[in-house]
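First comes the structure, then the notes that go with it.
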Amino acid sequence: MAESFLFSIAESLLAKLASRAYEEASQVLGVYDQLREFKGTLSLVKAVLLDADQKQEQEQNNELREWLSQIKRVFYDAEDVLDEFECQTLRKQVVKAHGTTKAKVGHFFSSSNPLVFRYRMARQIKDICKRLDKVAADRHKFGLQIIHVDRRVVRRRELTHSRMVDSNVIGREHDKEKIIELLMQQNPKDDDTGLSVIPIVGMGGLGKTTLAKIVFNDKRADECFPLKMWVCVSDEFDIKNLVIKIINSANDLASVDAPPHQQNLNLLDPEQLQIQLSNKLADKKFLLILDDVWNENRVKWVELKNLLQVGATGSKILVTTRSQTIASMMGTIPSHNLEGLPLEDSLSLFVKWAFKEGEEEKHPHLVNIGREIVTRCGGVPLAVRTLGSLLFSKYEANEWEYVRDNGIWNMPQEKDDILPALKLSYDLMPSYLRQCFALFSLYPKDHEFDSSDLTALWGALGFLDSPKKNWTPEDVANQYLYELMSRSFLQDFFNFSTVYTFTIHDLVHDLALFVAKDEFQFINSHIQNIHDNVRHLSFAQSSFVDNLFTTRSVPVRTIMFLDGESKEANSEALLNICVSKFKYLRVLDLSYSACETLPRSIGKLKHLRYFSIRYNPCIKGLPDSICKLQNLQVLNLVGCMELEALPKGLKKLISLRDFRITTKQSVLPYNEITNLSSLSIFACHNLESIFGGVKFPALKTLSVFYCGSLKSLSMDAKNFPELETLIAYGCGNLDLELWKDHHQEESPKLKLKSVTFADIPQLVALPQWLQGTANSLQSLVISSCYNLKMLPEWLSSLTNLKTLAILGCPEFLSLPDNICHLTALESLMIEGCPELSRKCQPRVGEFWPKISHIKHVHIEEPIELEEKKEESE
């Protein structure tokens with residue numbers, strides 16, 4: 001299936017070859033004619049790739065598949081050769097701008113010497129041209145049609161609100177009420193005196209997790225269970241990991257806090273974890289959701305259940321699983337078997353996703369075809385929703401008939417096969433999305449994705465198209481995410497201003513594994529052998545890293561460790577093998593590793609674009625040789641609490657755009673990092689002020705987290721002309737009004753589009769300078785600012801504001817009277833503000849007339865006030 005990426009790779013190669021930089025470099029190095037010949041052959045091959053991919057899928061032609069595999073190998077080798085051009089060009093720029101005479105002489109006598117490089121490149125390009133010519137000659141054997149443009153487009157639907165809303169769930173009201181009835185039972189006839197376990201059973205895609213969510217979020221569950229916890233279990237039923245997840249869920253940590261806390265819990269032994277769990281649950285009536293259970297080992301289940309018995313009488317566990325065997329083993333009452341949706345409910349769900357509201361009435365002939373499509377979905381909501389999304393805003397009957405009559409419905413299906421609806425939606429996915437989607441396979445099921453990390457990875461691996469005019473790589477990546485969401489491939493989509501988080505359904509994860517097999521591999525207890533053709537690797541556990549030392553797959557481009565599991569690995573040895581063996585690495589993520597030093601040889605990884613050693617508890621310094629990585633785009637040092645200083649020569653990292661820092665330094669080397677587009681400063685406890693007049697002409701995003709000594713931010717539009725996003729989080733001494741000393745009235749105004757203030761105790765009123773962003777600000781998020789009581793009347797001057805969120809501000813009492821003047825405001829969210837929530841309740845709250853014009857309003861029901869009222873009665 002990895003052959004389905006080929007059209008996108010061909011387009012990327014042709015775009016590079018057509019650029020002026022490559023043309024000039026090829027003429028200087030004397031390889032212009034060879035590259036022109038390669039470009040011509042590449043264009044011929046690209047023209048038939050779309051038809052070849054479609055034919056191979058429909059006919060299962062092994063000979064055609066092998067032909068595509070040969071092309072893929074040539075394409076990847078060509079990418080590596082062309083990448084050498086970029087490395088050489090960047091190195092020349094650095095030597096010219098920053099090199100000493102000694103460095104320039106050394107460059108001439110090194111392997112990068114222009115004469116040596118020219119000879120080597122000419123030989124490699126000639127070899128690739130020869131290989132591609134040989135493969136291209138065989139294209140006539142398959143009767144392939146020429147298709148120059150990939151016309152598989154995605155109609156983007158509006159970005160809907162991130163919260164689970166009952167009205168979005170169709171046909172499950174009876175199931176919901178039945179489960180809540182079981183939860184409310186005070187004395188169920190169990191085989192256990194304390195802990196009641198309720199299983200929900202059904203095939204993949206039926207909506208077991210969705211049903212559990214609407215139950216979990218129901219007001220009656222809040223009233224009955226003072227403590228609610230949600231844990232995704234999936235494939236690995238590891239007791240220690242599950243206990244950690246339960247403790248973290250009980251803590252209800254903010255996502256920013258979670259990684260360090262998770263690391264601390266990982267360091268505890270089982271006895272210490274049991275004590276922590278007992279302290280969290282003891283004598284409390286709790287509801288625990290164990291979502292997506294696959295474990296059939298009764299011994300493990302009994303061990304976990306015994307640890308959970310400390311809760312108060314009436315505590316409940318709600319389990320979702322595909323297996324009746326597991327349900328029988330875990331349940332203390334008969335299972336709730338989830339069935340497929342009835343045809344009419346399925347059609348209602350399909351119409352909801354295929355049409356804008358009310359539009360279906362204009363296209364009754366399409367609705368009739370939709371009814372026939374829905375009958376093929378077997379009542380599975382995921383299948384119905386996916387195909388509805390696929391046909392969204394498509395009004396040609398032939399497009400609907402293609403889905404209805406597709407041969408994929410007639411293929412024999414095994415019990416646990418990927419839904420035909422998902423596979424069909426993938427087959428109709430534009431080529432540029434396919435590699436991006438395949439990257440999901442490097443993560444475990446139920447992983448929560450972060451758009452900023454995905455953007456960095458997609459960009460480092462060259463998966464993003466060249467940005468349009470005035471677009472950034474982040475804009476391109478966000479467009480891809482919107483398109484994947486429009487196809488219903490993403491769920492639990494949360495919009496945090498400029499960053500999005502989401503998960504994917506386990507069947508969508510299965511699809512990603514299927515299309516990415518052999519090329520992307522997630523190494524875990526089930527799959528430990530590394531395929532010879534693999535290019536992207538991630539490891540679930542450090543114990544599997546030894547496979548890297550023996551693999552023959554030298555062209556590996558990605559090596560990642562996930563969720564803190566690389567800390568036990570021999571990190572120094574791993575780095576040495578990466579440098580010596582995997583010279584084409586683009587991504588190296590050693591998060592949570594415990595290495596105390598990095599080898600100087602790391603500077604040899606000249607193709608590296610993304611490097612992370614975040615949350616390393618030991619490292620005190622980085623070798624200066626890291627500044628030889630001229631291709632490096634992302635450097636993540638967040639959470640390296642022992643790091644005493646940043647390396648010298650950061651200005652040589654001329655491709656660095658995204659820098660994430662933790663250091664003990666009291667002053668950062670700002671003059672060396674002025675070309676950044678994104679800067680995150682995390683837990684730099686010795687910083688008292690930031691910037692001090694240094695100009696950052698390209699900086700678009702600034703995030704400052706947990707800098708306890710920070711007193712002021714010194715910024716203005718002159719030094720930050722492109723700044724669009726500002727996040728200040730957990731800075732206890734930060735006085736945002738101190739900014740006024742550096743922000744004169746006559747100076748140009750900042751172009752901020754998104755501002756987030758969170759956990760800022762000094763914030764008692766919004767800073768006046770924010771009023772100067774009236775023409776640009778689109779999103780304002782205020783969270784956990786306990787001393788903030790109201791918004792200023794001048795808020796109405798923010799005429800472009802689209803999103804306003806007030807979260808966890810219990811002293812917040814009112815909204816401005818003129819908030820109704822914010823006509824651009826589309827989304828208002830209020831949570832954790834009991835008094836304000838009471839006043840803003842839909843249709844009954846005194847503030848409701850002021851906000852009723854807003855399209856998406858989410859107001860948390862003020863449970864605390866209701867409980868106080870009940871107590872007083």
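Letters A, B, ... go to the chains of the structure tokens in the order shown; residues in each chain start at 1; ligands are counted from 1 in the same order.
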Which neighbours of Asp175 (chain A) fall inside 9 Å, counting only C-alpha atoms, when residues of the same chain fewer than 3 positions from it are skipped, and could you give them as a VMD selection string?
chain A and resid 171 to 172 178 to 180 211 336 338
So which residues touch Asp291 (chain A) within 12 Å, counting only C-alpha atoms, skipping near sequence neighbours fewer than 5 positions away, as a count of residues only?
31
Quick one: residues within 8 Å of region 718-731 of chain A, only C-alpha atoms counted, chain neighbours fewer than 5 positions away excluded, as number ranges by chain?
A: 498, 693-710, 747-748, 750-760
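If you look at CA of Lys96 (chain A) and CA of Leu653 (chain A), they are 13.6 Å away from each other.
The nearest approach to Lys39 (chain A) among the residues A:Met411, A:Ile247, A:Ala18, A:Leu574, with only C-alpha atoms taken into account, belongs to A:Ala18.
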Every residue of region 262-335 of chain A that DSSP places in strand (DSSP E), as a VMD selection string:
chain A and resid 286 to 293 316 to 321
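One finds CA of Gly639 (chain A) at 13.4 Å from CA of Gly621 (chain A).
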